[in-house]
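Everything below belongs to entry.tsv, which stores TSV, C-alpha atoms.
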chain	number	residue	atom	x	y	z
A	18	MET	CA	0.67	14.80	-0.42
A	19	ALA	CA	2.96	16.14	2.28
A	20	ALA	CA	6.68	16.74	1.79
A	21	PRO	CA	9.01	13.72	2.28
A	22	GLY	CA	10.01	13.01	5.85
A	23	TYR	CA	8.97	11.69	9.25
A	24	PHE	CA	7.34	13.42	12.20
A	25	GLU	CA	6.42	11.99	15.59
A	26	VAL	CA	4.95	13.38	18.80
A	27	ARG	CA	3.50	11.98	22.04
A	28	THR	CA	1.91	14.44	24.42
A	29	ARG	CA	-0.69	15.08	27.09
A	30	ASP	CA	-0.52	18.83	26.51
A	31	ARG	CA	-3.44	20.08	24.41
A	32	GLU	CA	-1.49	22.98	22.90
A	33	VAL	CA	1.33	20.68	21.79
A	34	ALA	CA	-1.27	18.24	20.44
A	35	ALA	CA	-3.09	20.96	18.51
A	36	ASP	CA	0.17	22.25	17.00
A	37	ALA	CA	1.24	18.74	15.95
A	38	LEU	CA	-2.08	17.93	14.31
A	39	GLN	CA	-2.10	21.28	12.51
A	40	ARG	CA	1.40	20.54	11.21
A	41	VAL	CA	0.48	17.30	9.45
A	42	ALA	CA	-3.12	18.09	8.47
A	43	VAL	CA	-4.06	18.00	4.79
A	44	HIS	CA	-7.27	19.83	5.64
A	45	ARG	CA	-8.72	22.42	8.03
A	46	PRO	CA	-8.85	20.66	11.41
A	47	ARG	CA	-11.20	21.48	14.29
A	48	MET	CA	-10.30	20.20	17.74
A	49	ARG	CA	-12.40	20.20	20.88
A	50	PHE	CA	-10.80	19.13	24.17
A	51	GLU	CA	-13.57	18.07	26.54
A	52	ASP	CA	-11.21	17.42	29.48
A	53	PRO	CA	-7.64	18.83	29.42
A	54	GLU	CA	-6.60	16.19	31.94
A	55	ALA	CA	-7.65	13.37	29.59
A	56	VAL	CA	-5.56	14.47	26.59
A	57	ALA	CA	-3.38	11.62	25.27
A	58	VAL	CA	-2.29	12.27	21.68
A	59	SER	CA	0.33	10.35	19.74
A	60	LEU	CA	1.14	10.81	16.08
A	61	ARG	CA	3.48	9.21	13.59
A	62	ASN	CA	3.48	10.81	10.15
A	63	ALA	CA	5.67	9.40	7.37
A	64	ASN	CA	6.00	10.38	3.71
A	65	PHE	CA	7.84	8.57	0.95
A	66	ASP	CA	7.91	8.90	-2.83
A	67	GLY	CA	4.30	8.21	-3.84
A	68	LEU	CA	3.20	6.78	-0.50
A	69	GLY	CA	2.50	8.06	3.01
A	70	ALA	CA	1.08	6.77	6.27
A	71	ASP	CA	-0.08	7.93	9.70
A	72	LEU	CA	-0.68	6.28	13.04
A	73	MET	CA	-2.75	8.57	15.27
A	74	ARG	CA	-4.20	8.25	18.73
A	75	LEU	CA	-6.62	11.10	19.42
A	76	GLY	CA	-7.28	10.52	23.09
A	77	GLY	CA	-9.24	13.14	24.98
A	78	LEU	CA	-10.49	15.10	22.02
A	79	HIS	CA	-13.12	15.38	19.33
A	80	TYR	CA	-11.40	15.89	15.97
A	81	GLY	CA	-13.18	17.31	12.96
A	82	ALA	CA	-12.04	18.35	9.51
A	83	ALA	CA	-13.47	20.30	6.60
A	84	VAL	CA	-11.58	18.98	3.59
A	85	ASP	CA	-11.20	20.61	0.19
A	86	PRO	CA	-11.12	18.33	-2.88
A	87	MET	CA	-8.00	16.16	-2.79
A	88	ASP	CA	-5.91	14.91	-5.71
A	89	PHE	CA	-4.75	11.79	-3.86
A	90	LEU	CA	-6.48	8.97	-2.02
A	91	LEU	CA	-6.50	8.79	1.77
A	92	ALA	CA	-7.89	5.62	3.28
A	93	GLY	CA	-7.77	4.19	6.75
A	94	PHE	CA	-8.91	1.89	9.49
A	95	ILE	CA	-10.30	2.84	12.90
A	96	VAL	CA	-8.38	0.79	15.43
A	97	ASP	CA	-10.42	2.24	18.29
A	98	GLY	CA	-13.17	4.84	18.71
A	99	ARG	CA	-15.55	5.87	15.96
A	100	GLY	CA	-15.95	8.38	13.16
A	101	ALA	CA	-18.09	9.64	10.32
A	102	VAL	CA	-17.57	10.96	6.80
A	103	GLN	CA	-20.04	13.35	5.18
A	104	ALA	CA	-20.00	14.30	1.50
A	105	ARG	CA	-22.75	16.12	-0.39
A	106	ASP	CA	-26.02	14.57	0.77
A	107	THR	CA	-24.58	11.35	2.22
A	108	SER	CA	-23.17	10.45	5.61
A	109	SER	CA	-21.30	7.25	6.49
A	110	GLU	CA	-20.74	6.17	10.09
A	111	ILE	CA	-17.39	4.44	10.64
A	112	PRO	CA	-17.47	2.11	13.66
A	113	ARG	CA	-14.59	0.68	15.63
A	114	HIS	CA	-12.56	-1.60	13.34
A	115	GLY	CA	-14.25	-0.01	10.33
A	116	GLY	CA	-12.47	0.90	7.11
A	117	PHE	CA	-12.96	4.17	5.26
A	118	LEU	CA	-11.90	5.96	2.08
A	119	TYR	CA	-12.15	9.73	1.84
A	120	PRO	CA	-13.97	10.96	-1.28
A	121	MET	CA	-11.88	12.41	-4.11
A	122	GLY	CA	-12.55	15.52	-6.14
A	123	ILE	CA	-15.31	16.92	-3.89
A	124	PRO	CA	-15.31	18.71	-0.51
A	125	PHE	CA	-16.30	16.64	2.51
A	126	ALA	CA	-16.22	16.61	6.31
A	127	ALA	CA	-14.89	14.01	8.75
A	128	GLU	CA	-15.42	13.65	12.50
A	129	TYR	CA	-13.68	11.40	15.07
A	130	ASP	CA	-14.23	10.87	18.79
A	131	GLU	CA	-11.53	9.35	21.00
A	132	ALA	CA	-10.21	7.53	17.93
A	133	THR	CA	-7.05	5.65	17.05
A	134	LEU	CA	-6.47	5.60	13.28
A	135	ALA	CA	-4.14	3.96	10.79
A	136	THR	CA	-4.22	5.83	7.46
A	137	VAL	CA	-2.51	5.48	4.10
A	138	ARG	CA	-2.04	8.16	1.40
A	139	ILE	CA	-1.33	7.38	-2.25
A	140	PRO	CA	-1.47	9.47	-5.45
A	141	MET	CA	-4.33	8.67	-7.80
A	142	PRO	CA	-2.01	8.07	-10.83
A	143	VAL	CA	-0.30	5.23	-8.96
A	144	ILE	CA	-3.64	3.49	-8.36
A	145	ALA	CA	-4.87	4.22	-11.88
A	146	GLN	CA	-1.75	2.64	-13.36
A	147	VAL	CA	-2.26	-0.54	-11.33
A	148	ALA	CA	-5.93	-0.60	-12.29
A	149	GLU	CA	-5.21	-0.24	-16.00
A	150	ALA	CA	-2.60	-2.98	-15.91
A	151	ALA	CA	-4.91	-5.39	-14.12
A	152	THR	CA	-8.19	-4.76	-15.93
A	153	GLY	CA	-7.54	-2.71	-19.05
A	154	LEU	CA	-9.68	0.11	-17.72
A	155	PRO	CA	-8.17	3.37	-19.01
A	156	ALA	CA	-6.54	5.25	-16.15
A	157	ALA	CA	-8.70	8.31	-16.78
A	158	ASP	CA	-11.86	6.25	-16.23
A	159	LEU	CA	-11.03	5.06	-12.71
A	160	ARG	CA	-13.50	6.30	-10.11
A	161	PHE	CA	-14.09	5.30	-6.50
A	162	GLU	CA	-17.81	5.22	-5.78
A	163	ALA	CA	-18.21	4.70	-2.01
A	164	VAL	CA	-16.27	5.31	1.19
A	165	THR	CA	-16.74	1.97	2.97
A	166	PRO	CA	-15.56	-1.58	2.03
A	167	VAL	CA	-17.62	-3.69	-0.34
A	168	SER	CA	-18.01	-6.56	2.14
A	169	GLU	CA	-17.13	-7.82	5.60
A	170	PRO	CA	-14.28	-10.05	4.30
A	171	MET	CA	-12.84	-7.05	2.44
A	172	ARG	CA	-13.13	-4.94	5.59
A	173	ARG	CA	-11.04	-7.51	7.47
A	174	TYR	CA	-8.55	-7.69	4.61
A	175	TRP	CA	-8.20	-3.90	4.54
A	176	ALA	CA	-7.75	-3.75	8.32
A	177	ALA	CA	-4.82	-6.18	8.12
A	178	THR	CA	-3.33	-4.43	5.09
A	179	ALA	CA	-3.60	-0.94	6.58
A	180	VAL	CA	-1.88	-2.06	9.77
A	181	HIS	CA	0.82	-3.87	7.73
A	182	LEU	CA	1.49	-0.79	5.60
A	183	THR	CA	1.62	1.67	8.50
A	184	ARG	CA	3.94	-0.59	10.48
A	185	HIS	CA	6.41	-0.57	7.60
A	186	LEU	CA	6.04	3.13	6.77
A	187	ALA	CA	5.27	5.05	9.97
A	188	THR	CA	8.46	3.98	11.72
A	189	PRO	CA	11.40	6.18	12.77
A	190	ASP	CA	14.33	5.89	10.36
A	191	ALA	CA	12.46	3.41	8.18
A	192	ASN	CA	14.98	2.10	5.67
A	193	LEU	CA	12.97	1.05	2.64
A	194	PRO	CA	15.01	-0.22	-0.33
A	195	PRO	CA	13.55	0.97	-3.66
A	196	LEU	CA	12.08	-2.43	-4.54
A	197	LEU	CA	10.44	-2.75	-1.13
A	198	LEU	CA	8.89	0.73	-1.39
A	199	ASP	CA	7.65	-0.15	-4.88
A	200	HIS	CA	6.10	-3.35	-3.52
A	201	LEU	CA	4.31	-1.44	-0.74
A	202	ARG	CA	2.97	1.13	-3.24
A	203	ARG	CA	1.55	-1.61	-5.43
A	204	LEU	CA	0.15	-3.45	-2.42
A	205	ALA	CA	-1.63	-0.30	-1.26
A	206	ALA	CA	-3.04	0.38	-4.72
A	207	ALA	CA	-4.19	-3.19	-5.36
A	208	SER	CA	-5.78	-3.39	-1.91
A	209	LEU	CA	-7.75	-0.19	-2.37
A	210	LEU	CA	-9.01	-1.43	-5.74
A	211	SER	CA	-10.18	-4.68	-4.14
A	212	VAL	CA	-11.74	-3.19	-1.00
A	213	PHE	CA	-13.60	-0.01	-1.97
A	214	PRO	CA	-16.27	0.16	-4.71
A	215	ASN	CA	-14.79	1.48	-7.95
A	216	THR	CA	-15.14	1.29	-11.71
A	217	THR	CA	-12.63	-1.56	-12.13
A	218	MET	CA	-15.19	-3.88	-10.57
A	219	THR	CA	-17.09	-3.88	-13.86
A	220	ALA	CA	-14.00	-3.84	-16.08
A	221	ALA	CA	-14.25	-7.58	-16.76
A	222	ARG	CA	-16.75	-6.63	-19.45
A	223	LEU	CA	-14.00	-5.00	-21.49
A	224	PRO	CA	-13.03	-7.06	-24.57
A	225	GLU	CA	-9.72	-8.86	-24.41
A	226	PRO	CA	-7.05	-7.99	-26.99
A	227	GLY	CA	-6.37	-10.35	-29.86
A	228	ARG	CA	-3.67	-12.99	-29.97
A	229	VAL	CA	-0.26	-11.84	-28.70
A	230	PRO	CA	2.72	-13.75	-30.16
A	231	PRO	CA	5.01	-15.69	-27.78
A	232	ALA	CA	7.91	-13.49	-28.93
A	233	ALA	CA	6.39	-10.56	-27.03
A	234	VAL	CA	6.37	-12.66	-23.87
A	235	ARG	CA	10.02	-13.58	-24.45
A	236	ARG	CA	10.92	-9.90	-24.88
A	237	ALA	CA	9.12	-9.05	-21.66
A	238	ILE	CA	10.93	-11.83	-19.77
A	239	ALA	CA	14.32	-10.73	-21.09
A	240	PHE	CA	13.62	-7.15	-20.03
A	241	MET	CA	12.52	-8.18	-16.54
A	242	ASP	CA	15.57	-10.40	-16.14
A	243	ALA	CA	17.91	-7.53	-17.11
A	244	HIS	CA	16.18	-4.94	-14.93
A	245	ALA	CA	14.96	-6.98	-11.96
A	246	ASP	CA	16.83	-4.73	-9.52
A	247	GLU	CA	14.80	-1.69	-10.61
A	248	PRO	CA	11.21	-0.72	-9.72
A	249	LEU	CA	9.19	-1.91	-12.73
A	250	THR	CA	5.56	-1.44	-13.65
A	251	ALA	CA	3.41	-3.43	-16.02
A	252	ALA	CA	3.42	-0.39	-18.33
A	253	THR	CA	7.23	-0.29	-18.41
A	254	ILE	CA	7.44	-4.00	-19.18
A	255	ALA	CA	4.77	-3.77	-21.88
A	256	THR	CA	6.59	-0.91	-23.60
A	257	ALA	CA	9.82	-2.94	-23.65
A	258	ALA	CA	7.92	-5.90	-25.12
A	259	GLY	CA	6.32	-3.73	-27.80
A	260	ILE	CA	2.70	-4.39	-26.83
A	261	GLY	CA	-0.03	-2.77	-24.73
A	262	VAL	CA	-0.46	-3.35	-21.02
A	263	ARG	CA	-3.68	-5.33	-21.39
A	264	GLY	CA	-2.13	-7.46	-24.14
A	265	LEU	CA	0.85	-8.18	-21.91
A	266	GLN	CA	-1.41	-9.32	-19.05
A	267	VAL	CA	-3.47	-11.58	-21.30
A	268	ALA	CA	-0.40	-13.05	-23.01
A	269	PHE	CA	1.24	-14.00	-19.72
A	270	ARG	CA	-1.99	-15.59	-18.53
A	271	ARG	CA	-2.34	-17.60	-21.74
A	272	HIS	CA	1.28	-18.71	-22.08
A	273	LEU	CA	2.50	-18.88	-18.46
A	274	ASP	CA	-0.67	-18.88	-16.31
A	275	GLN	CA	0.52	-15.92	-14.25
A	276	THR	CA	0.78	-12.15	-14.45
A	277	PRO	CA	3.96	-10.34	-15.53
A	278	LEU	CA	4.50	-9.02	-12.00
A	279	GLU	CA	4.08	-12.52	-10.54
A	280	TYR	CA	6.77	-13.68	-12.97
A	281	LEU	CA	8.96	-10.73	-11.94
A	282	ARG	CA	8.52	-11.71	-8.29
A	283	ARG	CA	9.81	-15.20	-9.11
A	284	ILE	CA	12.87	-13.69	-10.82
A	285	ARG	CA	13.58	-11.62	-7.71
A	286	LEU	CA	13.12	-14.67	-5.50
A	287	GLU	CA	15.82	-16.39	-7.55
A	288	ARG	CA	18.11	-13.36	-7.04
A	289	VAL	CA	17.61	-13.67	-3.28
A	290	HIS	CA	18.54	-17.34	-3.58
A	291	ARG	CA	21.75	-16.44	-5.41
A	292	GLU	CA	22.75	-13.86	-2.81
A	293	LEU	CA	22.08	-16.28	0.06
A	294	GLN	CA	24.26	-18.87	-1.66
A	295	ALA	CA	27.06	-16.35	-2.25
A	296	ALA	CA	27.05	-14.86	1.26
A	297	GLU	CA	30.18	-15.62	3.27
A	298	PRO	CA	29.84	-16.68	6.93
A	299	GLY	CA	30.74	-13.90	9.32
A	300	GLU	CA	30.06	-11.05	6.88
A	301	GLY	CA	26.80	-10.11	8.61
A	302	ALA	CA	24.39	-10.97	5.80
A	303	THR	CA	20.87	-11.80	6.98
A	304	VAL	CA	17.90	-13.37	5.26
A	305	LYS	CA	15.70	-10.40	6.21
A	306	ALA	CA	18.06	-7.77	4.78
A	307	ILE	CA	18.56	-9.61	1.49
A	308	ALA	CA	14.85	-10.30	1.10
A	309	ARG	CA	13.93	-6.66	1.82
A	310	ARG	CA	16.46	-5.44	-0.76
A	311	TRP	CA	14.65	-7.50	-3.39
A	312	GLY	CA	11.22	-6.21	-2.39
A	313	PHE	CA	9.90	-8.94	-0.07
A	314	ALA	CA	8.14	-7.11	2.76
A	315	ASN	CA	6.40	-9.96	4.59
A	316	PRO	CA	8.92	-12.38	6.18
A	317	GLY	CA	6.35	-15.14	6.66
A	318	ARG	CA	5.10	-15.01	3.10
A	319	PHE	CA	8.65	-14.79	1.74
A	320	THR	CA	9.75	-17.84	3.74
A	321	ALA	CA	6.75	-19.84	2.51
A	322	GLU	CA	7.42	-18.87	-1.13
A	323	TYR	CA	11.10	-19.70	-0.80
A	324	ARG	CA	10.48	-23.10	0.79
A	325	ASN	CA	7.86	-23.93	-1.85
A	326	VAL	CA	10.39	-23.26	-4.65
A	327	TYR	CA	13.66	-24.48	-3.11
A	328	GLY	CA	12.43	-27.13	-0.69
A	329	HIS	CA	13.99	-25.70	2.47
A	330	LEU	CA	14.18	-22.53	4.55
A	331	PRO	CA	16.21	-19.54	3.31
A	332	SER	CA	18.22	-19.64	6.55
A	333	ARG	CA	19.52	-23.07	5.55
A	334	THR	CA	20.75	-21.70	2.20
A	335	LEU	CA	22.51	-18.87	4.05
A	336	ARG	CA	24.21	-21.27	6.49
A	337	THR	CA	25.39	-23.64	3.79
Now that the file is in, can you turn its structure into structure tokens?
Amino acid sequence: MAAPGYFEVRTRDREVAADALQRVAVHRPRMRFEDPEAVAVSLRNANFDGLGADLMRLGGLHYGAAVDPMDFLLAGFIVDGRGAVQARDTSSEIPRHGGFLYPMGIPFAAEYDEATLATVRIPMPVIAQVAEAATGLPAADLRFEAVTPVSEPMRRYWAATAVHLTRHLATPDANLPPLLLDHLRRLAAASLLSVFPNTTMTAARLPEPGRVPPAAVRRAIAFMDAHADEPLTAATIATAAGIGVRGLQVAFRRHLDQTPLEYLRRIRLERVHRELQAAEPGEGATVKAIARRWGFANPGRFTAEYRNVYGHLPSRTLRT
């Protein structure tokens, strides 16, 4: 993935456009400007630790790329225009509002005409870790098997998720607290695993581990409670509890009817509640800032969760 940072350009000059696209390309781009007067290119490129995003409008040009094998996943959504991805002996047309996933580990080619794209980049180990925690599939066995979504509902879900991610990431001076960035990484990984055909979709056949004692669940809860302000993974929590990741997942389902990370989210919701209660009037505290610090990226979803648990809006807690 590209070096950390943010880059933005808006131009109607084809030379400036070509230079900007060359700067952020992870491949060998080819650009053809049919009408110099019609050029309208805008680009936002953002890179964070283990996650990146782009918003691109490629007006007035045909954009092609010959891409060497990548060691990270790049997936996107065509907001406008159209495209195609070719790999080995297969070619996939990507229509307007279509989702796509670039192949990994093999060379391929991509073409876009008059397209507006929202794309997300994430290292394979991040996705593999999420996959192993959720299904028990060993990280080394994760493979993505197609470049388009598994279904129309998943296409719509990916479109909304890609736009949500790029709006948070591809923004000038984006201030992402560590827990919020960790949440967005896990959201990106889990979404890709749900949307694009991959080997976790048959992982339900894997045998479940044997009985896990309640003491392991208690150790996991104590660890999460003590480290709730840190980015935590299922693997980290399992190690602290002294069991495997798959065993941790199964134990939480059996004893608490939720996943470890769902339980961790509830702990963090309670920390937000405490901070809202402790905030002094006039000190400038806001619900949004406190929620973001604890990893809640979607204000609407956060408000619904908070009201479901505490019976009223978080703004009421802050005022009182």
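CA of Arg288 (chain A) is positioned 14.4 Å from CA of Thr303 (chain A).
Closest approach to Ile307 (chain A) among A:Ala206, A:Ala83, A:Leu196, A:Leu78 is made by A:Leu196 (distances from only C-alpha atoms).
The space between CA of Arg31 (chain A) and CA of Ala179 (chain A) spans 27.6 Å.
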Tell me which protein, DNA and RNA residues are within 10 Å of region 27-29 of chain A, counting only C-alpha atoms, leaving out same-chain ones fewer than 6 positions away, and put them as a PDB file with C-alpha atoms, keeping the file's coordinate frame.
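Result written to part_27.pdb:
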ATOM      1  CA  ALA A  37       1.240  18.740  15.950  1.00  0.00           C
ATOM      2  CA  PRO A  53      -7.640  18.830  29.420  1.00  0.00           C
ATOM      3  CA  GLU A  54      -6.600  16.190  31.940  1.00  0.00           C
ATOM      4  CA  ALA A  55      -7.650  13.370  29.590  1.00  0.00           C
ATOM      5  CA  VAL A  56      -5.560  14.470  26.590  1.00  0.00           C
ATOM      6  CA  ALA A  57      -3.380  11.620  25.270  1.00  0.00           C
ATOM      7  CA  VAL A  58      -2.290  12.270  21.680  1.00  0.00           C
ATOM      8  CA  SER A  59       0.330  10.350  19.740  1.00  0.00           C
ATOM      9  CA  LEU A  60       1.140  10.810  16.080  1.00  0.00           C
ATOM     10  CA  ARG A  61       3.480   9.210  13.590  1.00  0.00           C
ATOM     11  CA  MET A  73      -2.750   8.570  15.270  1.00  0.00           C
ATOM     12  CA  ARG A  74      -4.200   8.250  18.730  1.00  0.00           C
ATOM     13  CA  GLY A  76      -7.280  10.520  23.090  1.00  0.00           C
ATOM     14  CA  GLY A  77      -9.240  13.140  24.980  1.00  0.00           C
TER      15      GLY A  77
END
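Among the candidates A:Thr136, A:Asn215, A:Ser109, A:Gln266, the residue lying nearest to Leu186 (chain A) is A:Thr136 (atoms considered: only C-alpha atoms).
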